[in-house]
Amino acid sequence: MAQAMTFGIIGGGGWLGRAIGGAMLEKGVLAPAGLILSSRSGRIEGFAAWPGVRMTRDNRELAASADIIVLSVRPEQFADVHIDAADKLVISFMAGVSVDTLSARTGSRRVIRAMPNAAAEIGQCYTPWFATEAVSAADKAFTQAMFEACGGADEVASEADLDYLTGLVGSGAAYPALLAEAMLGHALARGIPRQVAENAVRGVVVGASQLLGRDGMPPAAMVQAMLDYRGTTAAGLQAMLDAGFGRAVEAGLDAAETAARRMQAEYSAPAE
Ligand SMILES: NC(=O)C1=CN([C@@H]2O[C@H](COP(=O)(O)OP(=O)(O)OC[C@H]3O[C@@H](n4cnc5c(N)ncnc54)[C@H](O)[C@@H]3O)[C@@H](O)[C@H]2O)C=CC1
Ligand SMILES: O=C(O)[C@@H]1CCC=N1
């Protein structure tokens with residue numbers, strides 16, 4: 001059901017801001033008149049179906065008229081955002097900008113850091129979020145409902161967890177694509193026609209992976225069932241494991257987490 005409050009997205013013309021704004025309108029979490037978007041030009045594509053959505057290039061105007069302010073600019077662009085959000089709920093999607101910095105820069109103590117991913121575009125993103133103590137139960141209920149409308153969500157108990165999940169969830173839409181690319185390259189090198197190879201890889205990575213969602217099947221149970229079957233799948237899995245599949249994934253997630261923490265050191269100093 002649409003909420004009566006006004007929701008403002010700073011950077012609403014960007015990849016994530018546009019995806020979340022669109023998903024909330026499509027799911028009816030917000031009425032078009034309850035959404036205001038800012039961009040540097042003040043003109044944002046993709047909202048023609050909802051003429052009631054307001055657009056501005058003035059972040060201060062957005063902050064004054066919104067009850068909830070979403071920060072969806074890149075971390076390095078945050079220094080150019082000057083708003084007074086003292087009595088507002090501020091929700092940041094930015095990687096590596098701490099709640100302390102967000103409070104210092106916006107004047108709000110009601111701060112949430114959330115980490116959706118690009119699958120918000122199709123209403124399929126899981127979003128962990130972390131809230132400061134000043135965030136009310138009503139704020140939390142709205143935040144959970146909003147992100148559930150875009151896929152799924154959980155509140156996490158520590159900001160450190162959110163930093164870790166930046167590399168797992170925020171970056172996460174890219175990892176299946178990497179697996180798909182590696183499989184596609186292999187199939188093409190073996191002479192499989194491109195169309196068949198592409199359909200096969202999508203069928204596996206997009207289609208067959210849905211089995212994991214069914215009944216919440218644990219990944220380890222699926223892998224073990226296939227190893228126990230002792231057929232071609234077991235041979236493939238064992239060779240991938242022996243070649244360091246687990247170590248490659250760990251190295252990737254470690255590197256993404258380290259990058260998130262490095263960003264935090266770089267972008268979390270309060271601006272003068
Ligand atoms: N794209 C993704 O999958 C994810 C992104 N994030 C975070 O979300 C934030 C946004 O990311 P994207 O949408 O990918 O970036 P983006 O570059 O597509 O969008 C940022 C938008 O903000 C606009 N902008 C820059 N300065 C502005 C200002 N002063 N006032 C108003 N608008 C301004 C830019 O013109 C751009 O349209 C980043 O901080 C990123 O760390 C987090 C999780 C996933
Ligand atoms: O790659 C990035 O830096 C952004 C933040 C998390 C996911 N995408």
# chains A, B, ... in the order shown; residues from 1 in each chain; ligands from 1
call {"tool": "select_by_dssp", "arguments": {"residues": "region 67-248 of chain A", "states": "alpha helix (DSSP H)", "output": "PyMOL selection string"}}
result
chain A and resi 99-106+137-149+159-165+174-189+194-202+219-229+232-242+245-248
call {"tool": "write_last_selection", "arguments": {"atoms": "C-alpha atoms", "output": "CSV table (one decimal), in the first residue's frame"}}
result
chain,number,residue,atom,x,y,z
A,99,VAL,CA,26.9,6.3,9.8
A,100,ASP,CA,29.0,8.7,11.8
A,101,THR,CA,30.0,10.5,8.7
A,102,LEU,CA,26.5,10.5,7.4
A,103,SER,CA,25.2,12.0,10.7
A,104,ALA,CA,28.0,14.6,10.7
A,105,ARG,CA,27.3,15.6,7.1
A,106,THR,CA,23.5,15.6,7.1
A,137,ALA,CA,10.4,1.3,15.1
A,138,ALA,CA,8.2,3.0,12.5
A,139,ASP,CA,11.3,4.0,10.4
A,140,LYS,CA,12.5,0.4,10.6
A,141,ALA,CA,9.1,-1.0,9.6
A,142,PHE,CA,9.0,1.3,6.5
A,143,THR,CA,12.6,0.5,5.5
A,144,GLN,CA,12.0,-3.3,5.8
A,145,ALA,CA,8.7,-3.0,3.7
A,146,MET,CA,10.4,-0.9,1.1
A,147,PHE,CA,13.3,-3.3,0.6
A,148,GLU,CA,11.0,-6.3,0.7
A,149,ALA,CA,9.1,-4.8,-2.1
A,159,GLU,CA,27.9,-1.7,10.8
A,160,ALA,CA,30.9,-4.1,10.3
A,161,ASP,CA,28.5,-6.7,9.0
A,162,LEU,CA,27.1,-4.1,6.5
A,163,ASP,CA,30.7,-3.4,5.4
A,164,TYR,CA,31.3,-7.1,4.8
A,165,LEU,CA,28.0,-7.4,2.9
A,174,ALA,CA,28.3,-9.5,-10.9
A,175,TYR,CA,29.5,-12.8,-9.5
A,176,PRO,CA,27.0,-15.1,-11.3
A,177,ALA,CA,27.9,-13.1,-14.5
A,178,LEU,CA,31.5,-14.0,-14.0
A,179,LEU,CA,30.6,-17.7,-13.7
A,180,ALA,CA,28.4,-17.5,-16.8
A,181,GLU,CA,31.2,-15.8,-18.8
A,182,ALA,CA,33.7,-18.5,-17.8
A,183,MET,CA,31.3,-21.2,-18.8
A,184,LEU,CA,30.4,-19.5,-22.1
A,185,GLY,CA,34.0,-19.1,-23.0
A,186,HIS,CA,34.6,-22.8,-22.4
A,187,ALA,CA,31.6,-23.9,-24.5
A,188,LEU,CA,32.5,-21.6,-27.4
A,189,ALA,CA,36.1,-22.9,-27.3
A,194,ARG,CA,27.0,-19.3,-29.9
A,195,GLN,CA,23.2,-19.2,-29.6
A,196,VAL,CA,23.1,-22.7,-28.1
A,197,ALA,CA,26.0,-21.9,-25.8
A,198,GLU,CA,24.4,-18.7,-24.6
A,199,ASN,CA,21.1,-20.4,-24.0
A,200,ALA,CA,22.8,-23.2,-22.2
A,201,VAL,CA,24.7,-20.9,-19.9
A,202,ARG,CA,21.7,-18.8,-19.1
A,219,PRO,CA,23.9,-25.0,-1.0
A,220,ALA,CA,26.0,-27.6,0.8
A,221,ALA,CA,23.1,-30.1,0.6
A,222,MET,CA,22.8,-29.6,-3.2
A,223,VAL,CA,26.5,-30.0,-3.7
A,224,GLN,CA,26.7,-33.1,-1.5
A,225,ALA,CA,23.7,-34.7,-3.2
A,226,MET,CA,25.5,-34.3,-6.5
A,227,LEU,CA,28.8,-35.6,-5.2
A,228,ASP,CA,27.0,-38.6,-3.7
A,229,TYR,CA,25.5,-39.3,-7.1
A,232,THR,CA,29.5,-36.5,-14.4
A,233,THR,CA,28.4,-33.7,-12.0
A,234,ALA,CA,30.5,-35.1,-9.2
A,235,ALA,CA,33.5,-35.2,-11.5
A,236,GLY,CA,32.9,-31.6,-12.6
A,237,LEU,CA,32.4,-30.4,-9.0
A,238,GLN,CA,35.4,-32.2,-7.7
A,239,ALA,CA,37.7,-30.8,-10.4
A,240,MET,CA,36.5,-27.3,-9.7
A,241,LEU,CA,37.1,-27.7,-6.0
A,242,ASP,CA,40.5,-29.2,-6.6
A,245,PHE,CA,37.1,-22.7,-6.7
A,246,GLY,CA,36.5,-22.1,-3.0
A,247,ARG,CA,39.8,-20.2,-2.6
A,248,ALA,CA,39.0,-18.1,-5.6
call {"tool": "select_by_dssp", "arguments": {"residues": "region 41-174 of chain A", "states": "strand (DSSP E)", "output": "list in words"}}
result
Arg54, Met55, Thr56, Ile68, Ile69, Val70, Leu71, Leu89, Val90, Ile91, Ser92, Val111, Ile112, Arg113, Ala114, Cys125, Tyr126, Thr127, Pro128, Trp129, Phe130, Ala131, Gly151, Gly152, Ala153, Asp154 and Glu155 of chain A
call {"tool": "write_last_selection", "arguments": {"atoms": "C-alpha atoms", "output": "PDB file, in the first residue's frame"}}
result
ATOM      1  CA  ARG A  54       8.904  15.383  -9.036  1.00  0.00           C
ATOM      2  CA  MET A  55      12.441  16.086 -10.227  1.00  0.00           C
ATOM      3  CA  THR A  56      14.896  18.760  -9.190  1.00  0.00           C
ATOM      4  CA  ILE A  68      12.955  10.255   4.005  1.00  0.00           C
ATOM      5  CA  ILE A  69      16.131  11.128   2.124  1.00  0.00           C
ATOM      6  CA  VAL A  70      18.035   8.471   0.205  1.00  0.00           C
ATOM      7  CA  LEU A  71      21.656   9.137  -0.706  1.00  0.00           C
ATOM      8  CA  LEU A  89      15.380   9.718   8.176  1.00  0.00           C
ATOM      9  CA  VAL A  90      18.487   9.395   5.995  1.00  0.00           C
ATOM     10  CA  ILE A  91      19.087   6.143   4.105  1.00  0.00           C
ATOM     11  CA  SER A  92      22.435   5.783   2.361  1.00  0.00           C
ATOM     12  CA  VAL A 111      20.580   7.136   9.751  1.00  0.00           C
ATOM     13  CA  ILE A 112      20.347   3.812   7.923  1.00  0.00           C
ATOM     14  CA  ARG A 113      23.002   2.300   5.694  1.00  0.00           C
ATOM     15  CA  ALA A 114      21.550  -0.166   3.199  1.00  0.00           C
ATOM     16  CA  CYS A 125      17.534  -7.696  -4.786  1.00  0.00           C
ATOM     17  CA  TYR A 126      18.170  -8.776  -1.231  1.00  0.00           C
ATOM     18  CA  THR A 127      19.080  -5.756   0.907  1.00  0.00           C
ATOM     19  CA  PRO A 128      20.786  -5.913   4.302  1.00  0.00           C
ATOM     20  CA  TRP A 129      20.555  -2.662   6.298  1.00  0.00           C
ATOM     21  CA  PHE A 130      21.993  -1.231   9.499  1.00  0.00           C
ATOM     22  CA  ALA A 131      20.279   1.432  11.624  1.00  0.00           C
ATOM     23  CA  GLY A 151      13.124  -8.471  -3.289  1.00  0.00           C
ATOM     24  CA  GLY A 152      14.005  -9.201   0.324  1.00  0.00           C
ATOM     25  CA  ALA A 153      15.749  -7.598   3.299  1.00  0.00           C
ATOM     26  CA  ASP A 154      17.135  -8.027   6.800  1.00  0.00           C
ATOM     27  CA  GLU A 155      18.298  -5.604   9.468  1.00  0.00           C
TER      28      GLU A 155
END
call {"tool": "closest_residue", "arguments": {"among": "A:Leu62, A:Phe47, A:Ile83, A:Leu16", "to": "ligand 2", "atoms": "only C-alpha atoms and all ligand atoms"}}
result
A:Leu16
call {"tool": "residues_near_ligand", "arguments": {"ligand": "ligand 2", "cutoff": "6 Å", "atoms": "only C-alpha atoms and all ligand atoms", "output": "NGL selection string"}}
result
:A and (95 or 166 or 170-171)
call {"tool": "residues_near_ligand", "arguments": {"ligand": "ligand 1", "cutoff": "7 Å", "atoms": "only C-alpha atoms and all ligand atoms", "output": "ChimeraX atom specification"}}
result
/A:10-17,38-40,57,59,72-75,77-78,80-81,93-95,115-118,166,170-171
call {"tool": "write_last_selection", "arguments": {"atoms": "C-alpha atoms", "output": "mmCIF file, in the first residue's frame"}}
result
data_model
loop_
_atom_site.group_PDB
_atom_site.id
_atom_site.type_symbol
_atom_site.label_atom_id
_atom_site.label_comp_id
_atom_site.auth_asym_id
_atom_site.auth_seq_id
_atom_site.Cartn_x
_atom_site.Cartn_y
_atom_site.Cartn_z
ATOM 1 C CA ILE A 10 19.531 12.217 -4.249
ATOM 2 C CA GLY A 11 21.180 10.748 -7.332
ATOM 3 C CA GLY A 12 17.779 9.418 -8.433
ATOM 4 C CA GLY A 13 18.868 9.385 -12.080
ATOM 5 C CA GLY A 14 21.676 6.898 -11.430
ATOM 6 C CA TRP A 15 21.689 3.137 -11.829
ATOM 7 C CA LEU A 16 20.592 2.180 -8.327
ATOM 8 C CA GLY A 17 18.481 5.230 -7.451
ATOM 9 C CA SER A 38 17.422 14.875 -7.778
ATOM 10 C CA SER A 39 20.141 14.780 -10.366
ATOM 11 C CA ARG A 40 22.739 17.250 -11.508
ATOM 12 C CA ARG A 57 18.550 19.683 -9.461
ATOM 13 C CA ASN A 59 19.295 18.846 -3.250
ATOM 14 C CA SER A 72 22.387 7.326 -3.974
ATOM 15 C CA VAL A 73 25.382 9.219 -5.307
ATOM 16 C CA ARG A 74 28.829 7.671 -5.534
ATOM 17 C CA PRO A 75 30.940 7.952 -2.372
ATOM 18 C CA GLN A 77 30.356 12.595 -5.083
ATOM 19 C CA PHE A 78 29.023 12.910 -1.542
ATOM 20 C CA ASP A 80 29.245 17.928 -3.229
ATOM 21 C CA VAL A 81 25.952 17.120 -1.502
ATOM 22 C CA PHE A 93 23.295 3.288 -0.351
ATOM 23 C CA MET A 94 26.875 4.508 -0.539
ATOM 24 C CA ALA A 95 29.634 1.967 -0.094
ATOM 25 C CA MET A 115 23.238 -2.324 0.586
ATOM 26 C CA PRO A 116 20.959 -3.316 -2.315
ATOM 27 C CA ASN A 117 22.341 -4.416 -5.659
ATOM 28 C CA ALA A 118 21.661 -4.046 -9.354
ATOM 29 C CA THR A 166 28.919 -4.519 0.674
ATOM 30 C CA GLY A 170 26.254 -4.906 -3.176
ATOM 31 C CA SER A 171 28.715 -6.341 -5.635
#
call {"tool": "closest_residue", "arguments": {"among": "A:Gly107, A:Gly216, A:Gly172, A:Gly34", "to": "Val249 (chain A)", "atoms": "only C-alpha atoms"}}
result
A:Gly172
call {"tool": "closest_residue", "arguments": {"among": "A:Val156, A:Ala120, A:Ala63, A:Ala251", "to": "Glu26 (chain A)", "atoms": "only C-alpha atoms"}}
result
A:Ala120
